[in-house]
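Enquirer: Below is the file my_file.pdb, with PDB, C-alpha atoms and all ligand atoms.
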ATOM      1  CA  MET A   1       0.000   0.000   0.000  1.00  0.00           C
ATOM      2  CA  ILE A   2       1.280   3.432  -0.890  1.00  0.00           C
ATOM      3  CA  LYS A   3       1.217   5.779   2.076  1.00  0.00           C
ATOM      4  CA  THR A   4       0.360   9.454   1.876  1.00  0.00           C
ATOM      5  CA  VAL A   5       2.621  11.977   3.563  1.00  0.00           C
ATOM      6  CA  LEU A   6       1.277  15.513   3.977  1.00  0.00           C
ATOM      7  CA  LEU A   7       3.970  18.167   4.329  1.00  0.00           C
ATOM      8  CA  THR A   8       2.925  21.712   5.177  1.00  0.00           C
ATOM      9  CA  GLY A   9       5.021  24.875   5.247  1.00  0.00           C
ATOM     10  CA  PHE A  10       4.050  28.369   6.388  1.00  0.00           C
ATOM     11  CA  GLU A  11       3.846  31.466   4.249  1.00  0.00           C
ATOM     12  CA  PRO A  12       6.407  34.209   5.021  1.00  0.00           C
ATOM     13  CA  PHE A  13       5.465  36.312   8.070  1.00  0.00           C
ATOM     14  CA  ASN A  14       6.600  39.272  10.182  1.00  0.00           C
ATOM     15  CA  GLY A  15       7.572  41.303   7.088  1.00  0.00           C
ATOM     16  CA  ALA A  16       9.751  38.583   5.534  1.00  0.00           C
ATOM     17  CA  SER A  17       9.548  37.695   1.852  1.00  0.00           C
ATOM     18  CA  ILE A  18      10.509  34.043   2.237  1.00  0.00           C
ATOM     19  CA  ASN A  19       9.941  31.306   4.776  1.00  0.00           C
ATOM     20  CA  PRO A  20      12.542  28.506   4.778  1.00  0.00           C
ATOM     21  CA  ALA A  21       9.835  26.035   5.822  1.00  0.00           C
ATOM     22  CA  TRP A  22       7.833  26.692   2.669  1.00  0.00           C
ATOM     23  CA  GLU A  23      11.004  26.792   0.547  1.00  0.00           C
ATOM     24  CA  ALA A  24      11.942  23.320   1.787  1.00  0.00           C
ATOM     25  CA  VAL A  25       8.489  21.788   1.617  1.00  0.00           C
ATOM     26  CA  ARG A  26       7.627  23.051  -1.848  1.00  0.00           C
ATOM     27  CA  ALA A  27      10.869  21.575  -3.206  1.00  0.00           C
ATOM     28  CA  LEU A  28       9.394  18.142  -2.388  1.00  0.00           C
ATOM     29  CA  GLU A  29       6.197  18.610  -4.411  1.00  0.00           C
ATOM     30  CA  GLY A  30       5.376  15.471  -6.418  1.00  0.00           C
ATOM     31  CA  TRP A  31       7.988  13.362  -4.602  1.00  0.00           C
ATOM     32  CA  GLU A  32       7.264   9.648  -4.611  1.00  0.00           C
ATOM     33  CA  GLY A  33       9.612   7.836  -2.285  1.00  0.00           C
ATOM     34  CA  ALA A  34      10.362   4.373  -0.983  1.00  0.00           C
ATOM     35  CA  VAL A  35      12.315   3.013   1.984  1.00  0.00           C
ATOM     36  CA  GLY A  36      12.537  -0.761   1.610  1.00  0.00           C
ATOM     37  CA  GLU A  37       8.986  -1.978   1.147  1.00  0.00           C
ATOM     38  CA  HIS A  38       7.520   1.294   2.439  1.00  0.00           C
ATOM     39  CA  ARG A  39       6.295   3.297  -0.526  1.00  0.00           C
ATOM     40  CA  PHE A  40       4.815   6.747  -0.176  1.00  0.00           C
ATOM     41  CA  ARG A  41       3.787   9.838  -2.061  1.00  0.00           C
ATOM     42  CA  VAL A  42       3.995  13.355  -0.796  1.00  0.00           C
ATOM     43  CA  GLU A  43       1.341  16.085  -0.795  1.00  0.00           C
ATOM     44  CA  VAL A  44       2.635  19.576  -0.249  1.00  0.00           C
ATOM     45  CA  ARG A  45       0.515  22.485   1.009  1.00  0.00           C
ATOM     46  CA  GLN A  46       1.112  26.007   2.274  1.00  0.00           C
ATOM     47  CA  LEU A  47      -0.429  27.301   5.498  1.00  0.00           C
ATOM     48  CA  PRO A  48      -1.281  30.920   6.299  1.00  0.00           C
ATOM     49  CA  CYS A  49       0.484  32.409   9.299  1.00  0.00           C
ATOM     50  CA  VAL A  50      -2.900  33.242  10.825  1.00  0.00           C
ATOM     51  CA  PHE A  51      -4.263  32.016  14.152  1.00  0.00           C
ATOM     52  CA  GLY A  52      -7.456  30.005  13.670  1.00  0.00           C
ATOM     53  CA  GLN A  53      -7.310  29.849   9.867  1.00  0.00           C
ATOM     54  CA  ALA A  54      -4.100  27.800   9.871  1.00  0.00           C
ATOM     55  CA  ILE A  55      -5.731  25.108  12.044  1.00  0.00           C
ATOM     56  CA  GLU A  56      -8.882  25.097   9.907  1.00  0.00           C
ATOM     57  CA  ASP A  57      -6.740  24.689   6.796  1.00  0.00           C
ATOM     58  CA  ILE A  58      -4.504  21.875   8.039  1.00  0.00           C
ATOM     59  CA  ASN A  59      -7.454  19.941   9.439  1.00  0.00           C
ATOM     60  CA  ALA A  60      -9.345  20.317   6.135  1.00  0.00           C
ATOM     61  CA  MET A  61      -6.238  18.926   4.390  1.00  0.00           C
ATOM     62  CA  VAL A  62      -6.239  15.938   6.752  1.00  0.00           C
ATOM     63  CA  ASP A  63      -9.937  15.328   6.073  1.00  0.00           C
ATOM     64  CA  GLU A  64      -9.391  15.582   2.311  1.00  0.00           C
ATOM     65  CA  LEU A  65      -6.209  13.536   1.944  1.00  0.00           C
ATOM     66  CA  HIS A  66      -6.483  11.011   4.823  1.00  0.00           C
ATOM     67  CA  PRO A  67      -2.701  11.038   5.213  1.00  0.00           C
ATOM     68  CA  ASP A  68      -0.767   8.371   7.110  1.00  0.00           C
ATOM     69  CA  VAL A  69       1.825  10.957   8.104  1.00  0.00           C
ATOM     70  CA  VAL A  70       1.585  14.720   8.624  1.00  0.00           C
ATOM     71  CA  ILE A  71       4.712  16.786   9.159  1.00  0.00           C
ATOM     72  CA  ALA A  72       4.069  20.496   9.618  1.00  0.00           C
ATOM     73  CA  VAL A  73       7.151  22.660   9.107  1.00  0.00           C
ATOM     74  CA  GLY A  74       7.799  26.212  10.299  1.00  0.00           C
ATOM     75  CA  GLN A  75      10.598  28.724  10.603  1.00  0.00           C
ATOM     76  CA  ALA A  76      12.428  29.085  13.887  1.00  0.00           C
ATOM     77  CA  GLY A  77      14.619  32.081  13.115  1.00  0.00           C
ATOM     78  CA  GLY A  78      17.927  32.119  14.941  1.00  0.00           C
ATOM     79  CA  ARG A  79      17.898  28.477  15.983  1.00  0.00           C
ATOM     80  CA  PRO A  80      21.215  26.800  15.178  1.00  0.00           C
ATOM     81  CA  ALA A  81      19.762  23.382  14.421  1.00  0.00           C
ATOM     82  CA  ILE A  82      16.715  21.634  13.019  1.00  0.00           C
ATOM     83  CA  PRO A  83      14.471  21.427  16.121  1.00  0.00           C
ATOM     84  CA  VAL A  84      12.270  18.329  15.997  1.00  0.00           C
ATOM     85  CA  GLU A  85       9.421  19.310  18.301  1.00  0.00           C
ATOM     86  CA  ARG A  86       8.336  17.000  21.136  1.00  0.00           C
ATOM     87  CA  VAL A  87       5.250  18.757  22.494  1.00  0.00           C
ATOM     88  CA  ALA A  88       2.406  21.087  21.511  1.00  0.00           C
ATOM     89  CA  ILE A  89       0.811  23.106  24.317  1.00  0.00           C
ATOM     90  CA  ASN A  90      -2.744  24.420  24.604  1.00  0.00           C
ATOM     91  CA  ALA A  91      -1.735  28.074  24.661  1.00  0.00           C
ATOM     92  CA  ASP A  92      -1.431  31.011  22.298  1.00  0.00           C
ATOM     93  CA  ASP A  93       0.792  33.850  23.509  1.00  0.00           C
ATOM     94  CA  ALA A  94       1.993  35.968  20.611  1.00  0.00           C
ATOM     95  CA  SER A  95       4.672  38.639  20.887  1.00  0.00           C
ATOM     96  CA  ILE A  96       4.140  39.788  17.277  1.00  0.00           C
ATOM     97  CA  LEU A  97       1.102  40.126  15.005  1.00  0.00           C
ATOM     98  CA  ASP A  98       0.126  37.243  12.775  1.00  0.00           C
ATOM     99  CA  LYS A  99      -0.625  37.936   9.097  1.00  0.00           C
ATOM    100  CA  GLY A 100      -4.253  38.609   9.970  1.00  0.00           C
ATOM    101  CA  GLY A 101      -3.346  41.321  12.489  1.00  0.00           C
ATOM    102  CA  GLN A 102      -4.136  39.137  15.501  1.00  0.00           C
ATOM    103  CA  GLN A 103      -2.047  38.875  18.645  1.00  0.00           C
ATOM    104  CA  PRO A 104      -3.671  36.498  21.133  1.00  0.00           C
ATOM    105  CA  VAL A 105      -2.223  36.620  24.638  1.00  0.00           C
ATOM    106  CA  ASP A 106      -2.636  33.812  27.180  1.00  0.00           C
ATOM    107  CA  ALA A 107      -5.432  32.273  25.102  1.00  0.00           C
ATOM    108  CA  THR A 108      -6.523  28.636  25.107  1.00  0.00           C
ATOM    109  CA  ILE A 109      -6.451  26.889  21.723  1.00  0.00           C
ATOM    110  CA  ALA A 110      -9.063  24.199  22.438  1.00  0.00           C
ATOM    111  CA  SER A 111     -11.306  24.647  25.491  1.00  0.00           C
ATOM    112  CA  ASP A 112     -12.118  20.903  25.385  1.00  0.00           C
ATOM    113  CA  GLY A 113      -8.501  19.845  24.881  1.00  0.00           C
ATOM    114  CA  PRO A 114      -5.751  18.615  27.210  1.00  0.00           C
ATOM    115  CA  ALA A 115      -2.881  20.885  28.294  1.00  0.00           C
ATOM    116  CA  ALA A 116      -0.564  19.305  25.730  1.00  0.00           C
ATOM    117  CA  TYR A 117      -0.062  16.659  23.089  1.00  0.00           C
ATOM    118  CA  PHE A 118       3.145  14.804  22.304  1.00  0.00           C
ATOM    119  CA  SER A 119       4.295  14.431  18.712  1.00  0.00           C
ATOM    120  CA  THR A 120       3.560  10.984  17.320  1.00  0.00           C
ATOM    121  CA  LEU A 121       6.534  11.206  14.948  1.00  0.00           C
ATOM    122  CA  PRO A 122       9.570   9.050  15.891  1.00  0.00           C
ATOM    123  CA  ILE A 123      11.408  12.193  17.027  1.00  0.00           C
ATOM    124  CA  LYS A 124      14.593  10.569  18.364  1.00  0.00           C
ATOM    125  CA  ALA A 125      14.952   8.351  15.297  1.00  0.00           C
ATOM    126  CA  ILE A 126      14.580  11.455  13.122  1.00  0.00           C
ATOM    127  CA  VAL A 127      17.225  13.336  15.106  1.00  0.00           C
ATOM    128  CA  ARG A 128      19.577  10.349  14.928  1.00  0.00           C
ATOM    129  CA  ALA A 129      19.133  10.033  11.152  1.00  0.00           C
ATOM    130  CA  LEU A 130      19.671  13.760  10.628  1.00  0.00           C
ATOM    131  CA  ARG A 131      22.849  13.747  12.695  1.00  0.00           C
ATOM    132  CA  GLU A 132      24.160  10.669  10.888  1.00  0.00           C
ATOM    133  CA  LYS A 133      23.719  12.578   7.647  1.00  0.00           C
ATOM    134  CA  GLY A 134      25.753  15.460   9.038  1.00  0.00           C
ATOM    135  CA  LEU A 135      22.803  17.762   9.701  1.00  0.00           C
ATOM    136  CA  VAL A 136      22.673  19.686  12.979  1.00  0.00           C
ATOM    137  CA  ALA A 137      19.477  18.654  14.752  1.00  0.00           C
ATOM    138  CA  GLY A 138      17.959  18.043  18.171  1.00  0.00           C
ATOM    139  CA  VAL A 139      14.739  17.392  20.019  1.00  0.00           C
ATOM    140  CA  SER A 140      13.111  20.659  21.065  1.00  0.00           C
ATOM    141  CA  GLN A 141      10.905  20.817  24.153  1.00  0.00           C
ATOM    142  CA  THR A 142       8.837  23.784  23.007  1.00  0.00           C
ATOM    143  CA  ALA A 143       7.528  24.937  19.665  1.00  0.00           C
ATOM    144  CA  GLY A 144       6.877  28.360  21.201  1.00  0.00           C
ATOM    145  CA  THR A 145       3.444  29.947  21.624  1.00  0.00           C
ATOM    146  CA  PHE A 146       2.973  31.546  18.196  1.00  0.00           C
ATOM    147  CA  VAL A 147       1.261  30.117  15.079  1.00  0.00           C
ATOM    148  CA  CYS A 148       3.562  27.069  14.783  1.00  0.00           C
ATOM    149  CA  ASN A 149       2.672  25.677  18.211  1.00  0.00           C
ATOM    150  CA  HIS A 150      -0.947  26.659  17.493  1.00  0.00           C
ATOM    151  CA  VAL A 151      -1.071  24.562  14.305  1.00  0.00           C
ATOM    152  CA  PHE A 152       0.862  21.719  15.926  1.00  0.00           C
ATOM    153  CA  TYR A 153      -1.679  21.594  18.784  1.00  0.00           C
ATOM    154  CA  GLY A 154      -4.696  21.889  16.448  1.00  0.00           C
ATOM    155  CA  LEU A 155      -3.325  19.121  14.235  1.00  0.00           C
ATOM    156  CA  MET A 156      -2.707  16.752  17.159  1.00  0.00           C
ATOM    157  CA  HIS A 157      -6.142  17.507  18.639  1.00  0.00           C
ATOM    158  CA  HIS A 158      -7.780  16.691  15.294  1.00  0.00           C
ATOM    159  CA  ALA A 159      -5.617  13.595  14.705  1.00  0.00           C
ATOM    160  CA  ALA A 160      -6.520  12.278  18.174  1.00  0.00           C
ATOM    161  CA  GLY A 161     -10.180  12.260  17.142  1.00  0.00           C
ATOM    162  CA  GLN A 162      -9.672  10.290  13.921  1.00  0.00           C
ATOM    163  CA  PRO A 163     -10.505   6.577  13.668  1.00  0.00           C
ATOM    164  CA  GLN A 164      -7.276   5.832  11.782  1.00  0.00           C
ATOM    165  CA  ALA A 165      -3.831   6.310  13.293  1.00  0.00           C
ATOM    166  CA  ILE A 166      -1.967   9.317  11.924  1.00  0.00           C
ATOM    167  CA  LYS A 167       1.678   9.946  12.693  1.00  0.00           C
ATOM    168  CA  ALA A 168       1.780  13.690  13.109  1.00  0.00           C
ATOM    169  CA  GLY A 169       4.131  16.328  14.401  1.00  0.00           C
ATOM    170  CA  PHE A 170       6.072  19.496  13.841  1.00  0.00           C
ATOM    171  CA  ILE A 171       9.609  20.316  12.737  1.00  0.00           C
ATOM    172  CA  HIS A 172      11.117  23.779  12.853  1.00  0.00           C
ATOM    173  CA  VAL A 173      13.882  24.885  10.498  1.00  0.00           C
ATOM    174  CA  PRO A 174      16.476  27.669  10.844  1.00  0.00           C
ATOM    175  CA  PHE A 175      16.858  30.787   8.692  1.00  0.00           C
ATOM    176  CA  LEU A 176      18.316  30.405   5.209  1.00  0.00           C
ATOM    177  CA  PRO A 177      21.755  32.019   4.729  1.00  0.00           C
ATOM    178  CA  GLU A 178      20.276  34.918   2.719  1.00  0.00           C
ATOM    179  CA  GLN A 179      17.857  35.691   5.571  1.00  0.00           C
ATOM    180  CA  ALA A 180      20.677  35.675   8.112  1.00  0.00           C
ATOM    181  CA  ALA A 181      22.894  37.818   5.884  1.00  0.00           C
ATOM    182  CA  ALA A 182      20.224  40.527   5.732  1.00  0.00           C
ATOM    183  CA  ARG A 183      20.172  40.914   9.524  1.00  0.00           C
ATOM    184  CA  ARG A 184      22.517  42.741  11.882  1.00  0.00           C
ATOM    185  CA  ASP A 185      22.193  40.304  14.762  1.00  0.00           C
ATOM    186  CA  ALA A 186      24.037  37.592  12.770  1.00  0.00           C
ATOM    187  CA  PRO A 187      21.691  34.692  13.521  1.00  0.00           C
ATOM    188  CA  ARG A 188      22.591  31.110  12.680  1.00  0.00           C
ATOM    189  CA  SER A 189      21.356  29.686   9.416  1.00  0.00           C
ATOM    190  CA  MET A 190      21.349  26.504   7.353  1.00  0.00           C
ATOM    191  CA  ALA A 191      21.817  25.924   3.630  1.00  0.00           C
ATOM    192  CA  ARG A 192      18.643  25.402   1.618  1.00  0.00           C
ATOM    193  CA  ASP A 193      19.769  21.978   0.365  1.00  0.00           C
ATOM    194  CA  ASP A 194      20.497  20.844   3.929  1.00  0.00           C
ATOM    195  CA  ILE A 195      17.062  21.966   5.146  1.00  0.00           C
ATOM    196  CA  ILE A 196      15.421  20.152   2.207  1.00  0.00           C
ATOM    197  CA  ALA A 197      17.489  17.025   2.910  1.00  0.00           C
ATOM    198  CA  GLY A 198      16.452  17.192   6.560  1.00  0.00           C
ATOM    199  CA  ILE A 199      12.724  17.327   5.841  1.00  0.00           C
ATOM    200  CA  LYS A 200      13.104  14.560   3.263  1.00  0.00           C
ATOM    201  CA  LEU A 201      14.881  12.345   5.753  1.00  0.00           C
ATOM    202  CA  ALA A 202      12.274  13.066   8.439  1.00  0.00           C
ATOM    203  CA  ALA A 203       9.555  11.808   6.076  1.00  0.00           C
ATOM    204  CA  GLU A 204      11.562   8.696   5.166  1.00  0.00           C
ATOM    205  CA  VAL A 205      12.246   7.841   8.799  1.00  0.00           C
ATOM    206  CA  THR A 206       8.616   8.380   9.798  1.00  0.00           C
ATOM    207  CA  VAL A 207       7.150   6.077   7.135  1.00  0.00           C
ATOM    208  CA  SER A 208       9.690   3.334   7.807  1.00  0.00           C
ATOM    209  CA  VAL A 209      10.164   3.320  11.605  1.00  0.00           C
ATOM    210  CA  ASP A 210       7.551   1.648  13.812  1.00  0.00           C
ATOM    211  CA  ALA A 211       8.881   2.369  17.275  1.00  0.00           C
ATOM    212  CA  ASP A 212      11.039   5.330  18.204  1.00  0.00           C
ATOM    213  CA  VAL A 213      14.615   4.789  19.403  1.00  0.00           C
ATOM    214  CA  ARG A 214      15.756   5.724  22.939  1.00  0.00           C
ATOM    215  CA  ASP A 215      18.847   7.816  22.321  1.00  0.00           C
ATOM    216  CA  GLU A 216      20.149   9.907  25.173  1.00  0.00           C
ATOM    217  CA  GLY A 217      21.296  13.400  24.320  1.00  0.00           C
ATOM    218  CA  GLY A 218      18.788  13.735  21.534  1.00  0.00           C
ATOM    219  CA  ALA A 219      17.652  17.028  22.955  1.00  0.00           C
ATOM    220  CA  THR A 220      19.229  20.416  22.330  1.00  0.00           C
ATOM    221  CA  HIS A 221      16.970  22.497  24.577  1.00  0.00           C
TER     222      HIS A 221
HETATM  223  N1  LIG B 301       7.165  30.170  12.229  1.00  0.00           N
HETATM  224  C1  LIG B 301       6.314  30.777  13.221  1.00  0.00           C
HETATM  225  C2  LIG B 301       4.950  30.820  12.617  1.00  0.00           C
HETATM  226  C3  LIG B 301       5.129  30.543  11.168  1.00  0.00           C
HETATM  227  C4  LIG B 301       6.510  30.051  11.042  1.00  0.00           C
HETATM  228  O1  LIG B 301       7.021  29.599  10.009  1.00  0.00           O
HETATM  229  C5  LIG B 301       6.370  30.066  14.571  1.00  0.00           C
HETATM  230  O2  LIG B 301       7.416  29.457  14.908  1.00  0.00           O
HETATM  231  O3  LIG B 301       5.388  30.079  15.311  1.00  0.00           O
END
Output the structure of this file as structure tokens.
Expert:
Amino acid sequence: MIKTVLLTGFEPFNGASINPAWEAVRALEGWEGAVGEHRFRVEVRQLPCVFGQAIEDINAMVDELHPDVVIAVGQAGGRPAIPVERVAINADDASILDKGGQQPVDATIASDGPAAYFSTLPIKAIVRALREKGLVAGVSQTAGTFVCNHVFYGLMHHAAGQPQAIKAGFIHVPFLPEQAAARRDAPRSMARDDIIAGIKLAAEVTVSVDADVRDEGGATH
């Protein structure tokens, strides 16, 4: 059976003209992959950086495509590594406006939802595979409280209510070199091809690994 992998990436936000998450995800449009006997095809979609709408959109995509795997990808500017997120929390607390002009503070995402959901991606196996390929990566213990965590939580809440099992989670990616070069605070960045390779590998590991590994030191922060 051919599995379906949904990859989402956010539109640029906060005045930027590119988002490395979307740049990486859109490069994988039409990809049909295989790891051993595990065959899969990839669906690629963009998400708006808008509270509320982004959750509605990703959940509509899940309902339309019935994916086996969903990996949502967002930009984490200034992070030195690819943070593979462990946990989504039931809180919005924005320090900047989203693209719809909203800035929720101390708001609950789902009034009927638990405080948090864990990723159901094999996060340690992904980190191990990324590191073995020479990509700087780690488990991250917070996806923040902006639109990325918001979508991550909304996705996990929706996936939890589905009859079929969906492996779902969130991966952040650093700035691209051209984004870092345009800033005075000299943030860390990662080459476009490395970010693309990282997302590709995360999808391959997720479709082919049943149980996560138990590496120590998988976390960066
Ligand atoms: N990063 C933001 C929202 C969209 C994106 O790509 C975040 O980390 O919340």
Enquirer: With only C-alpha atoms and all ligand atoms as the basis for distance, which of A:Val73, A:Leu28, A:Met1, A:Ile89 is at the shortest distance from ligand LIG 301 (chain B)?
Expert: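 Looking only at the distances to ligand LIG 301 (chain B), the closest residue turns out to be A:Val73.
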Enquirer: When you count only C-alpha atoms and all ligand atoms, which of these residues is closest to ligand LIG 301 (chain B): A:Lys133, A:Arg188, A:Arg79, A:Arg39?
Expert: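 Nearest candidate to ligand LIG 301 (chain B) out of A:Lys133, A:Arg188, A:Arg79, A:Arg39: A:Arg79.
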Enquirer: Can you tell me which residues come within 9 Å of ligand LIG 301 (chain B) when counting all atoms listed in the file, ideally as an NGL selection string?
Expert: :A and (9-14 or 19-22 or 47-50 or 73-77 or 94 or 98 or 143-151 or 172-173)
Enquirer: Could you list, as a PDB file with C-alpha atoms, in the frame of the given file, every residue matched by the PyMOL selection byres (((chain A and resi 195-209) around 8) and not hetatm) in this structure?
Expert:
ATOM      1  CA  LYS A   3       1.217   5.779   2.076  1.00  0.00           C
ATOM      2  CA  VAL A   5       2.621  11.977   3.563  1.00  0.00           C
ATOM      3  CA  PRO A  20      12.542  28.506   4.778  1.00  0.00           C
ATOM      4  CA  ALA A  24      11.942  23.320   1.787  1.00  0.00           C
ATOM      5  CA  VAL A  25       8.489  21.788   1.617  1.00  0.00           C
ATOM      6  CA  ALA A  27      10.869  21.575  -3.206  1.00  0.00           C
ATOM      7  CA  LEU A  28       9.394  18.142  -2.388  1.00  0.00           C
ATOM      8  CA  GLY A  33       9.612   7.836  -2.285  1.00  0.00           C
ATOM      9  CA  ALA A  34      10.362   4.373  -0.983  1.00  0.00           C
ATOM     10  CA  VAL A  35      12.315   3.013   1.984  1.00  0.00           C
ATOM     11  CA  GLY A  36      12.537  -0.761   1.610  1.00  0.00           C
ATOM     12  CA  HIS A  38       7.520   1.294   2.439  1.00  0.00           C
ATOM     13  CA  PHE A  40       4.815   6.747  -0.176  1.00  0.00           C
ATOM     14  CA  VAL A  69       1.825  10.957   8.104  1.00  0.00           C
ATOM     15  CA  ILE A  71       4.712  16.786   9.159  1.00  0.00           C
ATOM     16  CA  ILE A  82      16.715  21.634  13.019  1.00  0.00           C
ATOM     17  CA  LEU A 121       6.534  11.206  14.948  1.00  0.00           C
ATOM     18  CA  PRO A 122       9.570   9.050  15.891  1.00  0.00           C
ATOM     19  CA  ALA A 125      14.952   8.351  15.297  1.00  0.00           C
ATOM     20  CA  ILE A 126      14.580  11.455  13.122  1.00  0.00           C
ATOM     21  CA  ALA A 129      19.133  10.033  11.152  1.00  0.00           C
ATOM     22  CA  LEU A 130      19.671  13.760  10.628  1.00  0.00           C
ATOM     23  CA  LEU A 135      22.803  17.762   9.701  1.00  0.00           C
ATOM     24  CA  LYS A 167       1.678   9.946  12.693  1.00  0.00           C
ATOM     25  CA  VAL A 173      13.882  24.885  10.498  1.00  0.00           C
ATOM     26  CA  MET A 190      21.349  26.504   7.353  1.00  0.00           C
ATOM     27  CA  ALA A 191      21.817  25.924   3.630  1.00  0.00           C
ATOM     28  CA  ARG A 192      18.643  25.402   1.618  1.00  0.00           C
ATOM     29  CA  ASP A 193      19.769  21.978   0.365  1.00  0.00           C
ATOM     30  CA  ASP A 194      20.497  20.844   3.929  1.00  0.00           C
ATOM     31  CA  ASP A 210       7.551   1.648  13.812  1.00  0.00           C
ATOM     32  CA  ALA A 211       8.881   2.369  17.275  1.00  0.00           C
ATOM     33  CA  ASP A 212      11.039   5.330  18.204  1.00  0.00           C
TER      34      ASP A 212
END
Enquirer: Between CA of Ala81 in chain A and CA of Tyr153 in chain A, what distance in Å does the model show, to one decimal?
Expert: 22.0 Å
Enquirer: One decimal, in Å: what's the spacing between CA of Ser189 in chain A and CA of Pro174 in chain A?
Expert: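 According to the coordinates, CA of Ser189 in chain A and CA of Pro174 in chain A are separated by 5.5 Å.
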Enquirer: Between A:Asp185, A:Glu85, A:Asp93, A:Glu132, which is the closest to Tyr117 in chain A once you count all atoms listed in the file?
Expert: A:Glu85
Enquirer: Expressed in Å to a single decimal, how great is the separation between CA of Gly154 in chain A and CA of Glu32 in chain A?
Expert: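 Going from CA of Gly154 in chain A over to CA of Glu32 in chain A, I get 27.1 Å.
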Enquirer: Could you tell me which residues the PyMOL selection byres (((chain A and resi 42) around 6) and not hetatm) returns for this structure, as number ranges by chain?
Expert: A: 4-6, 31, 41, 43
Enquirer: Got a sec: who's within 12 Å of Gly161 in chain A, counting all atoms listed in the file, leaving out chain neighbours fewer than 3 positions off, as number ranges by chain?
Expert: A: 59, 62-63, 113, 154-158, 164-166
Enquirer: Nearest to Asp215 in chain A: which of A:Ile123, A:Val87, A:Met61, A:Leu7 is it, counting only C-alpha atoms?
Expert: A:Ile123
Enquirer: Nearest to Asn90 in chain A: which of A:Phe152, A:Phe51, A:Val127, A:Leu65 is it, counting all atoms listed in the file?
Expert: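 Between A:Phe152, A:Phe51, A:Val127, A:Leu65, the residue approaching Asn90 in chain A most closely is A:Phe152.
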Enquirer: Check the smallest atom-to-atom distance from each of A:Phe175, A:His66, A:Leu97, A:Ala91 to Glu23 in chain A using all atoms listed in the file, then report the winner.
Expert: A:Phe175
Enquirer: For the file shown, report as a list in words the outcome of the PyMOL selection byres (((chain A and resi 107) around 6) and not hetatm) at residue level.
Expert: Ala91, Asp92, Val105, Asp106 and Thr108 of chain A
Enquirer: With 6 Å of padding per side, what axis-aligned box (centre and edge lengths, Å, one decimal) covers all the listed atoms of range 61-70 of chain A? Give it as JSON.
Expert:
{"center_x": -4.1, "center_y": 13.6, "center_z": 5.3, "size_x": 23.8, "size_y": 22.6, "size_z": 18.7}
